[in-house]
Amino acid sequence: MYNNPSNIGWGRAGSPLSHPIRPQYADGTSSAAFSHRPSARDISLSLFRDERPVPLSEKYTALLPYFLEFLNHDILQLRAACPPESVDISVSPGDPLYGNETSAEMPLDRAQYQHHSGVWADFPRQQINSVTSWIDASQVYGVSKGWTDILRSGSGGKLKTSGETESGSENTAYPALNRWGVPLDTNMKPHTCQYPDIKKQYLFGDTRSNFDPGVYSLHWLMFSEHNNIARNLSKRYPGMNDKWMFDKSRYLTIAKFQKITFDALETLLGPIPAYKSSYNPTLNPGINFLYAGAVQFFFLTMMPDLILTNNCTQQAPHLRLCNTMWDAQTTVAEAGGPEAVLAGLSHQKAAAIDNHFVSDIRSYFYGPRHWTRRDGVAMAIQRGRDLGVPPLNTVLQYYGQKPMTWDDWKSVLPHGAAALKSLYQGDVNQVELFVGGMLLRGKDGGMSEIFKRIMRDQFVSLRDGDRFWYLNNYNGLGCTGDEIVEINYTTLRDILIKNKVPVPGGNVFSQDGIKSACDSNNLEPGPCEGGMMFHFDYNTAPYAIPILIPLFVLFTVFLAVVVNRIMWYRLRRRSKKDEERNSCEWGRVEELQSRYGDRVVSITLDSTAKTLICKAKGGQQKVIQWRKMTRVHVVSCTDCKVTLLICIPKDYDLLLRFSSADMRAQFTQALERFSEGCNVTTQSMQMDKKDVMRVAKTEAHRQELVDAFLSSVFSEMMTREKVEEDILVEEEEEEEEGVVEGPQRDPEATPRQVARRVSSPELPTTPHSLQRRKSKASGVERSVMECELTRDEFAAALGLRPQQEFVEKIFPMVDRDNNGTISYREFLNFMVVYSSGSFSNKLSLIFNMYDYDQSGSLSVAEVKSMIRSMLEIVSASIEQEELNQLIRSLFELEEFQAKTELTFEDFQAIMSRYESDISRAQIKGANGAGTGLRKTASCKSFTSLPLQNRGLEIKRYIENNRLQIFYSIMYFLAISFLFVERFITYSRYKFHTGYPQLLGYSLSFTRGSAAVMMFNFPIFLLLMCKNTLTHLRRTFLKRFIPIDSN
């Protein structure tokens, strides 16, 4: 649900900051390097003070600046740019705090921005707000649905807690620990120089909840308020589900937060225009870059350096701000919990609104590991330059206010105008917005009028431009009138009291209800703990080299693959253009009841090859030889206008479903024209859907028939083996009785005669064997006996691919009647020969298979073809040079010298040494079972799927290259272990060195790559020595150097 349906990008997380006035950069587009502006650190030292005692406000409590900070976390978050960019702050050598320890710059990352911005002057850099700009308590519930779902308990609409009890008070319950590892901001704790463990932190909706005690305590307060509301709703509406309860509790919590926000703003800014009961969809609720780059840091001047707890006495614990940054959870627990902190802040005086900042902000603000303490005021000034915030006078003119002159500055700063003029080299129009806004005073002596104007306009646009604002009568959230009244009377004091936080009467942001506000100057703050660490100069180029080398190799490989694919696509496109001249393709057709279920296919009618091609996703295709048919039945479904049945003789039918009736009609006409061109008669019929599904013999039905076919063949083969044994036994008995003579063989039979004889073997019959064969034949169904295998089904039965040369050669030999299919008897004879045929029979068939010219001898080319075909069956390969060397060595044998062809006798002599292996060789089906195994024909399927064929190829490849694969696996395991070990070591266990913080994961990657390179160097050296020795053996040096000696 979008807040503004007309402008769905407004206010959402990841949207750019709004720019009512053009940003100003040094180069006009993105550069923050202003050569004519002084260093932000020099401005901070010259114009802003940090001495004690801290001037305190007589109007506001210390709870106000912390609430403003909590509010900023709801509407604004500027993350670091990626890839990282820096806008470091120069530090002079004479700096009183940093000058003696460093020689360069204080680090500061630039804010994340839209990468298509900042390229030309008309579109300067646009920074990104990582959270929603709406006042929607996103710091309580998260900025995404995934984050919100993690926070929900799933029961009663409440948020997860780590110690909630049904009878206990909610103020003792805390959120669940971040055991899911949700990415929180993990800046280093400057007082301990350690990084917190995010899994031991409580999980709120914002990544910065652990920043300081005030923000952390307010997170806890709003979390507790949600669960209090959910508990009350559960009692009021006991039958409602968890989602309704959570959404209702969330809306009421947000509404109260919205109302309290304007209570705090009115306390600070004075009267704010009232809400008009309806929202303005034309208002852009994005965060103004003037607010993000200057005004949002105003609360820093109101922060005291101490946080007093409970009743503010000296005996009560107090927290030093610089010693609690990014460690709020631990320090608040030690001080008595969030209740004690909130009680202290509501009784404590805030710092005065002036040009004074406590040292915790101006000198000991948090920083990265290589610069643990930074200047928060200088960072605020530099952030304004990063965002392109214009100077003060430019902003004053935009808002219709009088620009400042040096005379005006003398009246405002009697003792500081000269320093200000010197810093900006006499150019009053270069005084920056944050600097001028902090130095100017308002009519009430507090916040400057320009800051008030920017802040008031910002929050009025957030309110009036929010369709879901709680006062909008048409927000569609179903809030009752009584609930609106209750929310309007709710104050932050009411929520604090509900959670048992002792607070004074009246407005907790003001000191009006406090008899005697606590004065932090009465206590000694103590020092800021932790040493100050500074960065050093280092060169990152050497660290990048190990990373660039593998990246260059990967890029080269990627480029080669891309070029190869481009060439392949060009060839494919060229071949497709040639095919399209004589073919018609129909895509996105659904084939019903295939062996893979219903699937989307494309149908191609190739008039040149006279074939119909049914191709599915993944490369599976069915090729139907249309020219070998005489009649085709085409059945149209009458009650289903998009279904068509194509009945194909001796194959499974195609049951197709088109996207529309028109498409089916067009395909039917194209099929008739295609059949007419192939001299095939098309007989059109019409049936209802029930009859179509009854008569259709789809691929699934065909598969069942082929399974039965193969099961019957293998069953009869096993029966034949038993019959042969019985025949041998009977012949032996008759020979002993002198009744039958042994079988007579013709010693002069040629190989071709032997091949013809074994291709149609006839078994001698006896009364017993004849009875067995009759009983077996009667058990075979007629449909199975009449079934004939196509080339694809024949190859699948052997566990091979139809394109393999072995299939191409053996198929015509098995197909005795040359009708393009293999009958039951032809397949049975073939399997008998290859399963139980003699050594001579098998050699004869192989010889004839590769004797292409039927000359009775094998040429060199035919022998090469035979070897390649056999290697292809086992998924092996051989180089052309190795194959030529093998053929030469074969014909160089003593008995074959001076021969260019091999006769059958020569071939038999070569293979005689493998007679035992060939005699035992059997054809294995796709399931891997040999046909000679004596087992019942109970297999579910003898054909194989393409995935099974691919599995067989992989298995054969592994068998042929298992040694190389083993060594490759061991090598990659070794280098992977080395890389991972070094990477983990430098990512997790080297924090004390500071290098991971300086270089990030690049150091871990570099050390891992270095370990792998060191491991590879000896291997490379060994390979170089081996190749060098191999080369030297081919040179004349082998006569003088004993290379082969041990």
# chains A, B, ... in the order shown; residues from 1 in each chain; ligands from 1

$ residues_around --residues "Ser18 in chain A" --least-positions-apart "3" --cutoff "8 Å" --atoms "only C-alpha atoms" --output "list in words"
Asn284, Gly286, Ile287, Asn288 and Phe289 of chain A

$ write_last_selection --atoms "N, CA and C atoms" --output "CSV table (one decimal), in the first residue's frame"
chain,number,residue,atom,x,y,z
A,284,ASN,N,5.7,17.2,-1.3
A,284,ASN,CA,6.8,16.1,-1.3
A,284,ASN,C,7.3,16.0,0.1
A,286,GLY,N,9.7,14.3,1.2
A,286,GLY,CA,11.1,13.9,1.3
A,286,GLY,C,11.9,14.9,2.2
A,287,ILE,N,13.0,14.4,2.8
A,287,ILE,CA,13.8,15.2,3.7
A,287,ILE,C,14.6,16.2,2.9
A,288,ASN,N,14.4,17.5,3.4
A,288,ASN,CA,15.1,18.6,2.7
A,288,ASN,C,16.6,18.5,3.0
A,289,PHE,N,17.4,18.7,1.9
A,289,PHE,CA,18.8,18.5,2.1
A,289,PHE,C,19.4,19.6,3.0

$ residues_around --residues "Lys452 in chain A" --least-positions-apart "4" --cutoff "10 Å" --atoms "only C-alpha atoms" --output "PDB file with N, CA, C and O atoms, in the first residue's frame"
ATOM      1  N   LEU A 265       8.183  19.565  19.082  1.00  0.00           N
ATOM      2  CA  LEU A 265       8.497  20.646  18.139  1.00  0.00           C
ATOM      3  C   LEU A 265       7.909  21.975  18.591  1.00  0.00           C
ATOM      4  O   LEU A 265       8.547  23.033  18.458  1.00  0.00           O
ATOM      5  N   LEU A 268       9.992  23.503  21.198  1.00  0.00           N
ATOM      6  CA  LEU A 268      11.234  24.085  20.693  1.00  0.00           C
ATOM      7  C   LEU A 268      11.001  25.256  19.753  1.00  0.00           C
ATOM      8  O   LEU A 268      11.677  26.295  19.844  1.00  0.00           O
ATOM      9  N   LEU A 269      10.029  25.137  18.845  1.00  0.00           N
ATOM     10  CA  LEU A 269       9.842  26.115  17.771  1.00  0.00           C
ATOM     11  C   LEU A 269       8.743  27.116  18.055  1.00  0.00           C
ATOM     12  O   LEU A 269       8.644  28.138  17.347  1.00  0.00           O
ATOM     13  N   GLY A 270       7.894  26.830  18.997  1.00  0.00           N
ATOM     14  CA  GLY A 270       6.747  27.687  19.208  1.00  0.00           C
ATOM     15  C   GLY A 270       5.551  27.177  18.427  1.00  0.00           C
ATOM     16  O   GLY A 270       5.523  26.035  17.947  1.00  0.00           O
ATOM     17  N   VAL A 295      20.497  21.483   9.740  1.00  0.00           N
ATOM     18  CA  VAL A 295      19.564  21.666  10.854  1.00  0.00           C
ATOM     19  C   VAL A 295      19.473  20.429  11.732  1.00  0.00           C
ATOM     20  O   VAL A 295      19.285  20.547  12.948  1.00  0.00           O
ATOM     21  N   GLY A 437      23.856  29.370  11.115  1.00  0.00           N
ATOM     22  CA  GLY A 437      22.645  29.034  11.856  1.00  0.00           C
ATOM     23  C   GLY A 437      22.913  28.766  13.319  1.00  0.00           C
ATOM     24  O   GLY A 437      22.062  29.066  14.181  1.00  0.00           O
ATOM     25  N   GLY A 442      17.726  33.399  17.828  1.00  0.00           N
ATOM     26  CA  GLY A 442      16.357  33.745  17.480  1.00  0.00           C
ATOM     27  C   GLY A 442      15.831  34.893  18.310  1.00  0.00           C
ATOM     28  O   GLY A 442      16.504  35.450  19.178  1.00  0.00           O
ATOM     29  N   GLY A 446      16.971  31.847  21.525  1.00  0.00           N
ATOM     30  CA  GLY A 446      17.285  30.439  21.340  1.00  0.00           C
ATOM     31  C   GLY A 446      17.677  30.118  19.916  1.00  0.00           C
ATOM     32  O   GLY A 446      18.558  30.744  19.324  1.00  0.00           O
ATOM     33  N   MET A 447      17.004  29.150  19.341  1.00  0.00           N
ATOM     34  CA  MET A 447      17.299  28.658  17.998  1.00  0.00           C
ATOM     35  C   MET A 447      17.131  29.775  16.979  1.00  0.00           C
ATOM     36  O   MET A 447      16.193  30.575  17.046  1.00  0.00           O
ATOM     37  N   SER A 448      18.038  29.826  15.982  1.00  0.00           N
ATOM     38  CA  SER A 448      17.992  30.874  14.965  1.00  0.00           C
ATOM     39  C   SER A 448      16.715  30.754  14.140  1.00  0.00           C
ATOM     40  O   SER A 448      16.149  29.661  13.969  1.00  0.00           O
ATOM     41  N   ARG A 456      10.469  23.874  10.747  1.00  0.00           N
ATOM     42  CA  ARG A 456       9.008  23.930  10.754  1.00  0.00           C
ATOM     43  C   ARG A 456       8.450  23.481   9.408  1.00  0.00           C
ATOM     44  O   ARG A 456       7.513  22.670   9.350  1.00  0.00           O
ATOM     45  N   ASP A 457       9.018  23.992   8.316  1.00  0.00           N
ATOM     46  CA  ASP A 457       8.546  23.584   6.987  1.00  0.00           C
ATOM     47  C   ASP A 457       8.744  22.098   6.757  1.00  0.00           C
ATOM     48  O   ASP A 457       7.900  21.432   6.126  1.00  0.00           O
ATOM     49  N   GLN A 458       9.858  21.566   7.251  1.00  0.00           N
ATOM     50  CA  GLN A 458      10.127  20.143   7.054  1.00  0.00           C
ATOM     51  C   GLN A 458       9.056  19.280   7.703  1.00  0.00           C
ATOM     52  O   GLN A 458       8.493  18.373   7.080  1.00  0.00           O
TER      53      GLN A 458
END

$ closest_residue --among "A:Ala32, A:Ile887, A:Val431, A:Ala62" --to "Pro124 in chain A" --atoms "only C-alpha atoms"
A:Ala32

$ closest_residue --among "A:Tyr98, A:Trp409, A:Tyr113, A:Tyr652" --to "Asp42 in chain A" --atoms "only C-alpha atoms"
A:Tyr98

$ closest_atom_pairs --of "range 54-145 of chain A" --to "range 174-186 of chain A" --cutoff "12 Å" --atoms "only C-alpha atoms" --output "JSON lines"
{"residue": "A:Gln77", "atom": "CA", "partner": "A:Asp185", "partner_atom": "CA", "distance": 11.6}
{"residue": "A:Arg79", "atom": "CA", "partner": "A:Asp185", "partner_atom": "CA", "distance": 10.2}
{"residue": "A:Ala80", "atom": "CA", "partner": "A:Asp185", "partner_atom": "CA", "distance": 11.6}
{"residue": "A:Val140", "atom": "CA", "partner": "A:Pro175", "partner_atom": "CA", "distance": 10.9}
{"residue": "A:Tyr141", "atom": "CA", "partner": "A:Pro175", "partner_atom": "CA", "distance": 11.9}
{"residue": "A:Gly142", "atom": "CA", "partner": "A:Val182", "partner_atom": "CA", "distance": 11.2}

$ write_last_selection --atoms "all heavy atoms" --output "mmCIF file, in the first residue's frame"
data_model
loop_
_atom_site.group_PDB
_atom_site.id
_atom_site.type_symbol
_atom_site.label_atom_id
_atom_site.label_comp_id
_atom_site.auth_asym_id
_atom_site.auth_seq_id
_atom_site.Cartn_x
_atom_site.Cartn_y
_atom_site.Cartn_z
ATOM 1 N N GLN A 77 18.422 8.582 7.503
ATOM 2 C CA GLN A 77 19.663 7.827 7.686
ATOM 3 C C GLN A 77 20.475 7.931 6.403
ATOM 4 O O GLN A 77 20.019 7.520 5.334
ATOM 5 C CB GLN A 77 19.404 6.357 8.025
ATOM 6 C CG GLN A 77 20.696 5.586 8.290
ATOM 7 C CD GLN A 77 20.447 4.140 8.700
ATOM 8 O OE1 GLN A 77 19.402 3.564 8.404
ATOM 9 N NE2 GLN A 77 21.403 3.536 9.385
ATOM 10 N N ARG A 79 23.646 6.558 4.771
ATOM 11 C CA ARG A 79 24.677 5.530 4.834
ATOM 12 C C ARG A 79 25.888 5.935 4.002
ATOM 13 O O ARG A 79 25.807 6.849 3.169
ATOM 14 C CB ARG A 79 24.130 4.186 4.339
ATOM 15 C CG ARG A 79 23.035 3.609 5.229
ATOM 16 C CD ARG A 79 22.678 2.198 4.790
ATOM 17 N NE ARG A 79 21.662 1.604 5.632
ATOM 18 C CZ ARG A 79 21.924 0.987 6.786
ATOM 19 N NH1 ARG A 79 23.171 0.900 7.226
ATOM 20 N NH2 ARG A 79 20.952 0.455 7.494
ATOM 21 N N ALA A 80 26.995 5.247 4.227
ATOM 22 C CA ALA A 80 28.215 5.532 3.479
ATOM 23 C C ALA A 80 28.049 5.112 2.025
ATOM 24 O O ALA A 80 27.359 4.134 1.709
ATOM 25 C CB ALA A 80 29.405 4.813 4.103
ATOM 26 N N VAL A 140 11.112 1.812 15.320
ATOM 27 C CA VAL A 140 10.513 0.824 16.223
ATOM 28 C C VAL A 140 10.181 -0.465 15.476
ATOM 29 O O VAL A 140 10.402 -1.569 15.996
ATOM 30 C CB VAL A 140 9.246 1.400 16.890
ATOM 31 C CG1 VAL A 140 8.602 0.359 17.816
ATOM 32 C CG2 VAL A 140 9.571 2.671 17.652
ATOM 33 N N TYR A 141 9.677 -0.349 14.232
ATOM 34 C CA TYR A 141 9.173 -1.508 13.493
ATOM 35 C C TYR A 141 10.034 -1.906 12.306
ATOM 36 O O TYR A 141 9.756 -2.910 11.659
ATOM 37 C CB TYR A 141 7.747 -1.235 12.996
ATOM 38 C CG TYR A 141 6.782 -0.928 14.115
ATOM 39 C CD1 TYR A 141 6.384 0.383 14.383
ATOM 40 C CD2 TYR A 141 6.282 -1.941 14.914
ATOM 41 C CE1 TYR A 141 5.506 0.678 15.415
ATOM 42 C CE2 TYR A 141 5.391 -1.670 15.950
ATOM 43 C CZ TYR A 141 5.014 -0.357 16.192
ATOM 44 O OH TYR A 141 4.159 -0.090 17.210
ATOM 45 N N GLY A 142 11.069 -1.143 11.995
ATOM 46 C CA GLY A 142 11.902 -1.468 10.847
ATOM 47 C C GLY A 142 11.371 -0.835 9.581
ATOM 48 O O GLY A 142 10.212 -0.424 9.490
#

$ closest_residue --among "A:Lys158, A:Arg385, A:Arg208, A:Lys243" --to "Glu225 in chain A" --atoms "only C-alpha atoms"
A:Lys158

$ residues_around --residues "range 420-427 of chain A" --least-positions-apart "6" --cutoff "9 Å" --atoms "only C-alpha atoms" --output "PyMOL selection string"
chain A and resi 36-39+42-43+46-47+406+409

$ write_last_selection --atoms "N, CA and C atoms" --output "PDB file, in the first residue's frame"
ATOM      1  N   HIS A  36      38.298  27.550  -1.466  1.00  0.00           N
ATOM      2  CA  HIS A  36      38.221  28.861  -0.834  1.00  0.00           C
ATOM      3  C   HIS A  36      37.545  28.794   0.528  1.00  0.00           C
ATOM      4  N   ARG A  37      37.213  27.596   1.007  1.00  0.00           N
ATOM      5  CA  ARG A  37      36.599  27.467   2.324  1.00  0.00           C
ATOM      6  C   ARG A  37      37.619  26.886   3.304  1.00  0.00           C
ATOM      7  N   PRO A  38      37.573  27.321   4.555  1.00  0.00           N
ATOM      8  CA  PRO A  38      38.545  26.818   5.536  1.00  0.00           C
ATOM      9  C   PRO A  38      38.237  25.387   5.946  1.00  0.00           C
ATOM     10  N   SER A  39      39.185  24.768   6.620  1.00  0.00           N
ATOM     11  CA  SER A  39      38.985  23.427   7.139  1.00  0.00           C
ATOM     12  C   SER A  39      37.870  23.438   8.176  1.00  0.00           C
ATOM     13  N   ASP A  42      39.249  23.715  11.637  1.00  0.00           N
ATOM     14  CA  ASP A  42      39.667  25.063  12.007  1.00  0.00           C
ATOM     15  C   ASP A  42      38.471  25.915  12.405  1.00  0.00           C
ATOM     16  N   ILE A  43      37.343  25.768  11.717  1.00  0.00           N
ATOM     17  CA  ILE A  43      36.125  26.502  12.070  1.00  0.00           C
ATOM     18  C   ILE A  43      35.650  26.085  13.457  1.00  0.00           C
ATOM     19  N   SER A  46      37.865  27.615  16.114  1.00  0.00           N
ATOM     20  CA  SER A  46      37.852  29.070  16.205  1.00  0.00           C
ATOM     21  C   SER A  46      36.526  29.618  16.705  1.00  0.00           C
ATOM     22  N   LEU A  47      35.413  29.005  16.350  1.00  0.00           N
ATOM     23  CA  LEU A  47      34.105  29.602  16.595  1.00  0.00           C
ATOM     24  C   LEU A  47      33.275  28.878  17.647  1.00  0.00           C
ATOM     25  N   TRP A 406      28.909  41.895   7.104  1.00  0.00           N
ATOM     26  CA  TRP A 406      29.900  41.838   8.176  1.00  0.00           C
ATOM     27  C   TRP A 406      29.520  42.753   9.336  1.00  0.00           C
ATOM     28  N   TRP A 409      27.230  40.796  11.425  1.00  0.00           N
ATOM     29  CA  TRP A 409      27.946  39.787  12.211  1.00  0.00           C
ATOM     30  C   TRP A 409      28.658  40.428  13.407  1.00  0.00           C
TER      31      TRP A 409
END

$ closest_residue --among "A:Thr611, A:Thr309, A:Ser117, A:Thr790" --to "Pro649 in chain A" --atoms "only C-alpha atoms"
A:Thr790

$ atom_distance --atom1 "CA of Gly9 in chain A" --atom2 "CA of Phe123 in chain A"
18.1 Å
